[in-house]
>>> print(open('query.cif').read())   # mmCIF, C-alpha atoms; chains and numbers go by the auth columns
data_target
#
loop_
_atom_site.group_PDB
_atom_site.id
_atom_site.type_symbol
_atom_site.label_atom_id
_atom_site.label_comp_id
_atom_site.label_asym_id
_atom_site.label_seq_id
_atom_site.Cartn_x
_atom_site.Cartn_y
_atom_site.Cartn_z
_atom_site.B_iso_or_equiv
_atom_site.auth_seq_id
_atom_site.auth_asym_id
ATOM 1 C CA MET A 1 14.922 -7.354 -6.758 0.00 1 A
ATOM 2 C CA ASN A 2 18.401 -8.422 -5.687 0.00 2 A
ATOM 3 C CA VAL A 3 20.250 -10.761 -8.045 0.00 3 A
ATOM 4 C CA THR A 4 23.340 -12.768 -7.118 0.00 4 A
ATOM 5 C CA VAL A 5 25.974 -13.187 -9.824 0.00 5 A
ATOM 6 C CA ALA A 6 29.004 -15.446 -9.541 0.00 6 A
ATOM 7 C CA VAL A 7 31.877 -15.767 -11.981 0.00 7 A
ATOM 8 C CA THR A 8 34.104 -18.821 -11.806 0.00 8 A
ATOM 9 C CA GLY A 9 37.225 -20.118 -13.503 0.00 9 A
ATOM 10 C CA ALA A 10 35.896 -21.151 -16.887 0.00 10 A
ATOM 11 C CA SER A 11 36.351 -19.407 -20.201 0.00 11 A
ATOM 12 C CA GLY A 12 33.761 -16.750 -20.983 0.00 12 A
ATOM 13 C CA ALA A 13 34.610 -13.709 -18.859 0.00 13 A
ATOM 14 C CA ILE A 14 33.139 -11.479 -21.563 0.00 14 A
ATOM 15 C CA LEU A 15 29.740 -13.046 -20.869 0.00 15 A
ATOM 16 C CA ALA A 16 29.966 -12.105 -17.191 0.00 16 A
ATOM 17 C CA GLN A 17 30.952 -8.588 -18.193 0.00 17 A
ATOM 18 C CA ARG A 18 27.867 -8.251 -20.390 0.00 18 A
ATOM 19 C CA LEU A 19 25.623 -9.759 -17.693 0.00 19 A
ATOM 20 C CA LEU A 20 26.766 -7.277 -15.058 0.00 20 A
ATOM 21 C CA SER A 21 26.304 -4.359 -17.452 0.00 21 A
ATOM 22 C CA ALA A 22 22.770 -5.470 -18.305 0.00 22 A
ATOM 23 C CA LEU A 23 21.805 -5.887 -14.646 0.00 23 A
ATOM 24 C CA GLU A 24 23.284 -2.492 -13.741 0.00 24 A
ATOM 25 C CA ALA A 25 21.148 -0.888 -16.448 0.00 25 A
ATOM 26 C CA ASP A 26 17.933 -2.763 -15.586 0.00 26 A
ATOM 27 C CA ASP A 27 15.511 -0.669 -13.501 0.00 27 A
ATOM 28 C CA ARG A 28 13.816 -3.846 -12.231 0.00 28 A
ATOM 29 C CA VAL A 29 17.027 -4.797 -10.411 0.00 29 A
ATOM 30 C CA SER A 30 17.700 -2.960 -7.151 0.00 30 A
ATOM 31 C CA GLY A 31 20.958 -4.690 -6.266 0.00 31 A
ATOM 32 C CA VAL A 32 23.536 -7.080 -7.696 0.00 32 A
ATOM 33 C CA ASP A 33 25.551 -9.221 -5.290 0.00 33 A
ATOM 34 C CA PHE A 34 28.739 -10.180 -7.123 0.00 34 A
ATOM 35 C CA VAL A 35 31.314 -12.851 -6.298 0.00 35 A
ATOM 36 C CA ALA A 36 34.315 -13.771 -8.430 0.00 36 A
ATOM 37 C CA SER A 37 36.385 -16.835 -7.604 0.00 37 A
ATOM 38 C CA GLU A 38 40.182 -16.746 -7.513 0.00 38 A
ATOM 39 C CA ALA A 39 40.224 -18.849 -10.657 0.00 39 A
ATOM 40 C CA ALA A 40 37.880 -16.352 -12.341 0.00 40 A
ATOM 41 C CA LEU A 41 40.449 -13.613 -11.729 0.00 41 A
ATOM 42 C CA ARG A 42 43.013 -15.695 -13.615 0.00 42 A
ATOM 43 C CA VAL A 43 40.629 -16.155 -16.538 0.00 43 A
ATOM 44 C CA MET A 44 39.781 -12.445 -16.605 0.00 44 A
ATOM 45 C CA ALA A 45 43.482 -11.622 -16.691 0.00 45 A
ATOM 46 C CA GLU A 46 43.886 -13.895 -19.715 0.00 46 A
ATOM 47 C CA GLU A 47 40.702 -12.980 -21.591 0.00 47 A
ATOM 48 C CA LEU A 48 40.043 -9.355 -20.616 0.00 48 A
ATOM 49 C CA ARG A 49 43.543 -8.259 -19.599 0.00 49 A
ATOM 50 C CA PHE A 50 42.388 -7.286 -16.098 0.00 50 A
ATOM 51 C CA SER A 51 44.755 -7.841 -13.198 0.00 51 A
ATOM 52 C CA GLY A 52 43.895 -8.280 -9.536 0.00 52 A
ATOM 53 C CA ARG A 53 40.722 -7.918 -7.493 0.00 53 A
ATOM 54 C CA ASN A 54 41.000 -4.177 -6.813 0.00 54 A
ATOM 55 C CA ASP A 55 38.285 -2.182 -8.600 0.00 55 A
ATOM 56 C CA LEU A 56 37.226 -5.326 -10.457 0.00 56 A
ATOM 57 C CA VAL A 57 33.614 -4.268 -10.958 0.00 57 A
ATOM 58 C CA GLU A 58 34.683 -0.831 -12.160 0.00 58 A
ATOM 59 C CA LYS A 59 36.941 -2.516 -14.713 0.00 59 A
ATOM 60 C CA LEU A 60 34.175 -4.854 -15.861 0.00 60 A
ATOM 61 C CA LEU A 61 31.576 -2.106 -16.149 0.00 61 A
ATOM 62 C CA ARG A 62 33.998 0.567 -17.333 0.00 62 A
ATOM 63 C CA ALA A 63 32.133 2.794 -14.879 0.00 63 A
ATOM 64 C CA THR A 64 31.446 3.230 -11.177 0.00 64 A
ATOM 65 C CA PRO A 65 28.841 0.651 -10.107 0.00 65 A
ATOM 66 C CA LYS A 66 25.552 2.030 -8.837 0.00 66 A
ATOM 67 C CA LYS A 67 24.019 -1.158 -7.522 0.00 67 A
ATOM 68 C CA THR A 68 26.663 -3.897 -7.613 0.00 68 A
ATOM 69 C CA ARG A 69 28.100 -5.048 -4.284 0.00 69 A
ATOM 70 C CA THR A 70 31.229 -7.194 -4.287 0.00 70 A
ATOM 71 C CA TYR A 71 32.043 -10.059 -1.923 0.00 71 A
ATOM 72 C CA ALA A 72 35.141 -12.186 -1.512 0.00 72 A
ATOM 73 C CA GLU A 73 34.865 -15.880 -2.368 0.00 73 A
ATOM 74 C CA GLN A 74 35.786 -16.841 1.196 0.00 74 A
ATOM 75 C CA ASP A 75 33.349 -14.429 2.904 0.00 75 A
ATOM 76 C CA ILE A 76 30.929 -17.091 4.122 0.00 76 A
ATOM 77 C CA GLY A 77 29.374 -14.552 6.503 0.00 77 A
ATOM 78 C CA ALA A 78 28.114 -12.372 3.631 0.00 78 A
ATOM 79 C CA SER A 79 24.407 -11.606 3.340 0.00 79 A
ATOM 80 C CA ILE A 80 23.899 -13.952 0.368 0.00 80 A
ATOM 81 C CA ALA A 81 25.011 -16.880 2.552 0.00 81 A
ATOM 82 C CA SER A 82 21.710 -16.658 4.448 0.00 82 A
ATOM 83 C CA GLY A 83 18.257 -17.682 3.337 0.00 83 A
ATOM 84 C CA SER A 84 16.834 -14.694 5.241 0.00 84 A
ATOM 85 C CA TYR A 85 18.450 -12.317 2.733 0.00 85 A
ATOM 86 C CA PRO A 86 15.914 -11.272 0.068 0.00 86 A
ATOM 87 C CA SER A 87 17.354 -12.508 -3.199 0.00 87 A
ATOM 88 C CA ALA A 88 15.521 -13.241 -6.443 0.00 88 A
ATOM 89 C CA GLY A 89 18.029 -15.970 -7.279 0.00 89 A
ATOM 90 C CA MET A 90 21.499 -16.567 -8.635 0.00 90 A
ATOM 91 C CA ILE A 91 23.274 -16.794 -11.965 0.00 91 A
ATOM 92 C CA VAL A 92 26.691 -18.461 -12.230 0.00 92 A
ATOM 93 C CA LEU A 93 28.222 -17.341 -15.525 0.00 93 A
ATOM 94 C CA PRO A 94 30.453 -18.968 -16.507 0.00 94 A
ATOM 95 C CA CYS A 95 30.187 -21.995 -14.212 0.00 95 A
ATOM 96 C CA SER A 96 33.271 -24.193 -14.056 0.00 96 A
ATOM 97 C CA MET A 97 33.025 -27.937 -13.589 0.00 97 A
ATOM 98 C CA GLY A 98 34.662 -27.580 -10.164 0.00 98 A
ATOM 99 C CA THR A 99 31.992 -25.117 -9.039 0.00 99 A
ATOM 100 C CA LEU A 100 29.285 -27.348 -10.494 0.00 100 A
ATOM 101 C CA ALA A 101 30.675 -30.275 -8.497 0.00 101 A
ATOM 102 C CA GLY A 102 30.681 -28.282 -5.265 0.00 102 A
ATOM 103 C CA ILE A 103 27.106 -27.109 -5.780 0.00 103 A
ATOM 104 C CA ALA A 104 25.762 -30.462 -6.969 0.00 104 A
ATOM 105 C CA ASN A 105 27.229 -32.277 -3.981 0.00 105 A
ATOM 106 C CA GLY A 106 26.306 -29.690 -1.350 0.00 106 A
ATOM 107 C CA ILE A 107 29.909 -28.894 -0.396 0.00 107 A
ATOM 108 C CA ALA A 108 29.236 -25.194 0.357 0.00 108 A
ATOM 109 C CA GLY A 109 32.951 -24.675 0.947 0.00 109 A
ATOM 110 C CA ASN A 110 33.010 -21.053 -0.234 0.00 110 A
ATOM 111 C CA LEU A 111 30.561 -18.190 -0.711 0.00 111 A
ATOM 112 C CA ILE A 112 29.665 -19.130 -4.289 0.00 112 A
ATOM 113 C CA GLU A 113 28.770 -22.704 -3.336 0.00 113 A
ATOM 114 C CA ARG A 114 26.982 -21.560 -0.173 0.00 114 A
ATOM 115 C CA ALA A 115 24.915 -18.896 -1.979 0.00 115 A
ATOM 116 C CA ALA A 116 23.926 -21.498 -4.570 0.00 116 A
ATOM 117 C CA ASP A 117 23.023 -23.934 -1.781 0.00 117 A
ATOM 118 C CA VAL A 118 20.812 -21.235 -0.248 0.00 118 A
ATOM 119 C CA CYS A 119 19.000 -20.786 -3.569 0.00 119 A
ATOM 120 C CA LEU A 120 18.340 -24.514 -3.765 0.00 120 A
ATOM 121 C CA LYS A 121 17.055 -24.823 -0.196 0.00 121 A
ATOM 122 C CA GLU A 122 14.897 -21.715 -0.532 0.00 122 A
ATOM 123 C CA ARG A 123 13.583 -22.846 -3.958 0.00 123 A
ATOM 124 C CA ARG A 124 14.948 -19.768 -5.704 0.00 124 A
ATOM 125 C CA PRO A 125 16.106 -19.757 -9.329 0.00 125 A
ATOM 126 C CA LEU A 126 19.680 -20.949 -9.788 0.00 126 A
ATOM 127 C CA LEU A 127 21.099 -20.826 -13.320 0.00 127 A
ATOM 128 C CA LEU A 128 24.371 -22.675 -13.842 0.00 128 A
ATOM 129 C CA CYS A 129 25.868 -21.587 -17.152 0.00 129 A
ATOM 130 C CA VAL A 130 28.303 -24.456 -17.459 0.00 130 A
ATOM 131 C CA ARG A 131 31.279 -24.056 -19.741 0.00 131 A
ATOM 132 C CA GLU A 132 33.261 -27.136 -20.755 0.00 132 A
ATOM 133 C CA THR A 133 33.567 -29.450 -23.723 0.00 133 A
ATOM 134 C CA PRO A 134 33.426 -32.340 -24.099 0.00 134 A
ATOM 135 C CA PHE A 135 31.608 -33.426 -20.933 0.00 135 A
ATOM 136 C CA ASN A 136 32.831 -36.492 -19.111 0.00 136 A
ATOM 137 C CA LYS A 137 30.562 -38.757 -17.075 0.00 137 A
ATOM 138 C CA ILE A 138 31.378 -36.938 -13.831 0.00 138 A
ATOM 139 C CA HIS A 139 30.309 -33.636 -15.377 0.00 139 A
ATOM 140 C CA LEU A 140 27.071 -35.186 -16.638 0.00 140 A
ATOM 141 C CA ARG A 141 26.303 -36.801 -13.274 0.00 141 A
ATOM 142 C CA ASN A 142 26.907 -33.518 -11.471 0.00 142 A
ATOM 143 C CA MET A 143 24.631 -31.670 -13.900 0.00 143 A
ATOM 144 C CA GLN A 144 21.910 -34.216 -13.250 0.00 144 A
ATOM 145 C CA LEU A 145 22.399 -33.931 -9.477 0.00 145 A
ATOM 146 C CA ALA A 146 22.180 -30.138 -9.636 0.00 146 A
ATOM 147 C CA ALA A 147 19.128 -30.252 -11.909 0.00 147 A
ATOM 148 C CA ASP A 148 17.412 -32.780 -9.635 0.00 148 A
ATOM 149 C CA ALA A 149 18.033 -30.410 -6.704 0.00 149 A
ATOM 150 C CA GLY A 150 16.331 -27.552 -8.554 0.00 150 A
ATOM 151 C CA ALA A 151 19.048 -25.802 -10.558 0.00 151 A
ATOM 152 C CA THR A 152 18.691 -24.936 -14.232 0.00 152 A
ATOM 153 C CA ILE A 153 21.605 -26.122 -16.350 0.00 153 A
ATOM 154 C CA PHE A 154 22.099 -23.420 -18.971 0.00 154 A
ATOM 155 C CA PRO A 155 25.199 -24.363 -21.025 0.00 155 A
ATOM 156 C CA VAL A 156 27.195 -21.640 -22.707 0.00 156 A
ATOM 157 C CA ILE A 157 26.147 -22.486 -26.252 0.00 157 A
ATOM 158 C CA PRO A 158 25.845 -19.722 -28.859 0.00 158 A
ATOM 159 C CA ALA A 159 22.834 -19.386 -31.121 0.00 159 A
ATOM 160 C CA PHE A 160 23.089 -18.741 -34.835 0.00 160 A
ATOM 161 C CA TYR A 161 19.435 -18.352 -35.847 0.00 161 A
ATOM 162 C CA ASN A 162 19.702 -14.619 -35.110 0.00 162 A
ATOM 163 C CA GLU A 163 22.515 -14.391 -37.685 0.00 163 A
ATOM 164 C CA PRO A 164 25.161 -12.818 -35.434 0.00 164 A
ATOM 165 C CA ALA A 165 27.710 -10.724 -37.283 0.00 165 A
ATOM 166 C CA THR A 166 30.186 -10.323 -34.422 0.00 166 A
ATOM 167 C CA THR A 167 31.285 -11.950 -31.188 0.00 167 A
ATOM 168 C CA ALA A 168 29.529 -9.109 -29.360 0.00 168 A
ATOM 169 C CA ASP A 169 26.261 -10.111 -31.049 0.00 169 A
ATOM 170 C CA MET A 170 26.687 -13.686 -29.832 0.00 170 A
ATOM 171 C CA VAL A 171 27.517 -12.536 -26.298 0.00 171 A
ATOM 172 C CA ARG A 172 24.536 -10.175 -26.196 0.00 172 A
ATOM 173 C CA ASN A 173 22.132 -12.826 -27.445 0.00 173 A
ATOM 174 C CA PHE A 174 23.308 -15.435 -24.949 0.00 174 A
ATOM 175 C CA VAL A 175 23.083 -13.050 -21.994 0.00 175 A
ATOM 176 C CA ASP A 176 19.654 -11.867 -23.165 0.00 176 A
ATOM 177 C CA ARG A 177 18.493 -15.501 -23.200 0.00 177 A
ATOM 178 C CA VAL A 178 19.846 -16.068 -19.680 0.00 178 A
ATOM 179 C CA LEU A 179 18.103 -12.975 -18.341 0.00 179 A
ATOM 180 C CA ALA A 180 14.840 -13.803 -20.110 0.00 180 A
ATOM 181 C CA HIS A 181 14.889 -17.240 -18.500 0.00 181 A
ATOM 182 C CA PHE A 182 15.534 -15.543 -15.140 0.00 182 A
ATOM 183 C CA GLY A 183 12.435 -13.385 -15.645 0.00 183 A
ATOM 184 C CA LEU A 184 14.208 -10.273 -16.889 0.00 184 A
ATOM 185 C CA PRO A 185 13.634 -10.104 -20.657 0.00 185 A
ATOM 186 C CA GLN A 186 15.815 -7.402 -22.187 0.00 186 A
ATOM 187 C CA PRO A 187 14.694 -4.686 -24.571 0.00 187 A
ATOM 188 C CA GLY A 188 15.774 -5.572 -28.060 0.00 188 A
ATOM 189 C CA GLY A 189 16.309 -9.220 -27.143 0.00 189 A
ATOM 190 C CA PHE A 190 16.010 -11.450 -30.189 0.00 190 A
ATOM 191 C CA VAL A 191 12.787 -13.420 -30.476 0.00 191 A
ATOM 192 C CA TRP A 192 12.501 -16.025 -33.218 0.00 192 A
ATOM 193 C CA LYS A 193 9.898 -15.290 -35.843 0.00 193 A
ATOM 194 C CA PRO A 194 9.579 -17.595 -38.849 0.00 194 A
ATOM 195 C CA LYS A 195 10.214 -15.865 -42.130 0.00 195 A
ATOM 196 C CA PRO A 196 7.109 -15.586 -44.314 0.00 196 A
ATOM 197 C CA LYS A 197 6.926 -18.055 -47.145 0.00 197 A
ATOM 198 C CA GLU A 198 7.538 -16.562 -50.548 0.00 198 A
#
>>> encode(input="query.cif", output="structure tokens")
Amino acid sequence: MNVTVAVTGASGAILAQRLLSALEADDRVSGVDFVASEAALRVMAEELRFSGRNDLVEKLLRATPKKTRTYAEQDIGASIASGSYPSAGMIVLPCSMGTLAGIANGIAGNLIERAADVCLKERRPLLLCVRETPFNKIHLRNMQLAADAGATIFPVIPAFYNEPATTADMVRNFVDRVLAHFGLPQPGGFVWKPKPKE
């Protein structure tokens, strides 16, 4: 399957890094179509100390990509802008409130918004991992609009029931949950099991 991944200008670049690595390693995934917004580049520079768009995927993966294809945010003629392109769906991680607004209101003004619009019209999975706090009423309305159109709102909220010891544990668990919801459960992904009563 081909999976579209978009990264936008909200905090959480490390989550996108983990997501791309997991998809690259997953034999069920034949291709990853990757788009990073201009604002995402700014966040990556702040959070991951990466600069510029050149070799971005190589920097994120710390290796040469085998299946990840990169597109510019303004490349509205890219394959993922068409419903005829065989895609299993799209994950936006992290999803900024600006990107959410564009998707929820059908703006389709760049490749990320257009690819998301294609997923909605073709009834393909679209996971919007929104990252903001607190939410204002505009954010909440846009989440409802997107959900009503068929998107899954998957807020970047860490879990603690798996007793994470490090930030990496929290990142891994969140990305595993996203991929499981997308239909790609990961080996070693945490599954809650009640502790036996003593």
>>> residues_around(input="query.cif", residues="segment 10-16 of chain A", least_positions_apart="4", cutoff="6 Å", atoms="all atoms listed in the file", output="MDAnalysis selection string")
chainID A and resid 44 93:94 96 171
>>> residues_around(input="query.cif", residues="Gly77 of chain A", least_positions_apart="6", cutoff="12 Å", atoms="all atoms listed in the file", output="list in words")
Tyr71, Gly83, Tyr85, Asn110, Leu111, Ile112, Arg114 and Ala115 of chain A
>>> atom_distance(input="query.cif", atom1="atom CA of Val92 of chain A", atom2="atom CA of Gly189 of chain A")
20.4 Å
>>> atom_distance(input="query.cif", atom1="atom CA of Ala40 of chain A", atom2="atom CA of Pro134 of chain A")
20.3 Å
>>> residues_around(input="query.cif", residues="Ala22 of chain A", least_positions_apart="4", cutoff="10 Å", atoms="all atoms listed in the file", output="PDB file with C-alpha atoms, in the frame of the given file")
ATOM      1  CA  ALA A  16      29.966 -12.105 -17.191  1.00  0.00           C
ATOM      2  CA  GLN A  17      30.952  -8.588 -18.193  1.00  0.00           C
ATOM      3  CA  ARG A  18      27.867  -8.251 -20.390  1.00  0.00           C
ATOM      4  CA  ASP A  26      17.933  -2.763 -15.586  1.00  0.00           C
ATOM      5  CA  ASP A  27      15.511  -0.669 -13.501  1.00  0.00           C
ATOM      6  CA  VAL A  29      17.027  -4.797 -10.411  1.00  0.00           C
ATOM      7  CA  LEU A  61      31.576  -2.106 -16.149  1.00  0.00           C
ATOM      8  CA  ARG A 172      24.536 -10.175 -26.196  1.00  0.00           C
ATOM      9  CA  VAL A 175      23.083 -13.050 -21.994  1.00  0.00           C
ATOM     10  CA  ASP A 176      19.654 -11.867 -23.165  1.00  0.00           C
ATOM     11  CA  LEU A 179      18.103 -12.975 -18.341  1.00  0.00           C
ATOM     12  CA  LEU A 184      14.208 -10.273 -16.889  1.00  0.00           C
ATOM     13  CA  GLN A 186      15.815  -7.402 -22.187  1.00  0.00           C
TER      14      GLN A 186
END
>>> residues_around(input="query.cif", residues="Gly102 of chain A", least_positions_apart="6", cutoff="10 Å", atoms="all atoms listed in the file", output="ChimeraX atom specification")
/A:108-110,112-114,116-117,142,146
>>> resolve_selection(input="query.cif", expression="the PyMOL selection byres ((chain A and resi 161) around 12)", output="JSON, numbers by chain")
{"A": [158, 159, 160, 162, 163, 164, 165, 169, 170, 173, 174, 190, 191, 192, 193, 194, 195]}
>>> decode(input="query.cif", residues="segment 66-95 of chain A", atoms="C-alpha atoms", output="compact mmCIF listing (two decimals), in the first residue's frame")
# COMPACT_ATOMS: atom_id res chain seq x y z
CA LYS A 66 13.98 3.12 0.25
CA LYS A 67 10.32 3.88 -0.27
CA THR A 68 9.68 7.50 0.75
CA ARG A 69 9.00 10.00 -2.03
CA THR A 70 9.10 13.70 -1.23
CA TYR A 71 6.86 16.42 -2.67
CA ALA A 72 6.88 20.18 -2.27
CA GLU A 73 3.93 21.77 -0.47
CA GLN A 74 3.06 23.80 -3.57
CA ASP A 75 3.27 20.88 -6.04
CA ILE A 76 -0.47 20.61 -6.67
CA GLY A 77 0.23 18.48 -9.75
CA ALA A 78 1.76 15.66 -7.67
CA SER A 79 0.28 12.17 -7.87
CA ILE A 80 -1.35 12.39 -4.42
CA ALA A 81 -3.43 15.35 -5.65
CA SER A 82 -5.50 12.94 -7.77
CA GLY A 83 -8.11 10.45 -6.68
CA SER A 84 -6.89 8.08 -9.42
CA TYR A 85 -3.62 7.58 -7.53
CA PRO A 86 -3.77 4.38 -5.43
CA SER A 87 -3.34 5.53 -1.86
CA ALA A 88 -4.40 3.74 1.32
CA GLY A 89 -4.98 7.08 3.04
CA MET A 90 -3.21 9.94 4.76
CA ILE A 91 -1.77 10.79 8.15
CA VAL A 92 -1.08 14.42 9.10
CA LEU A 93 1.29 14.36 12.07
CA PRO A 94 1.45 16.84 13.62
CA CYS A 95 -1.52 18.75 12.20
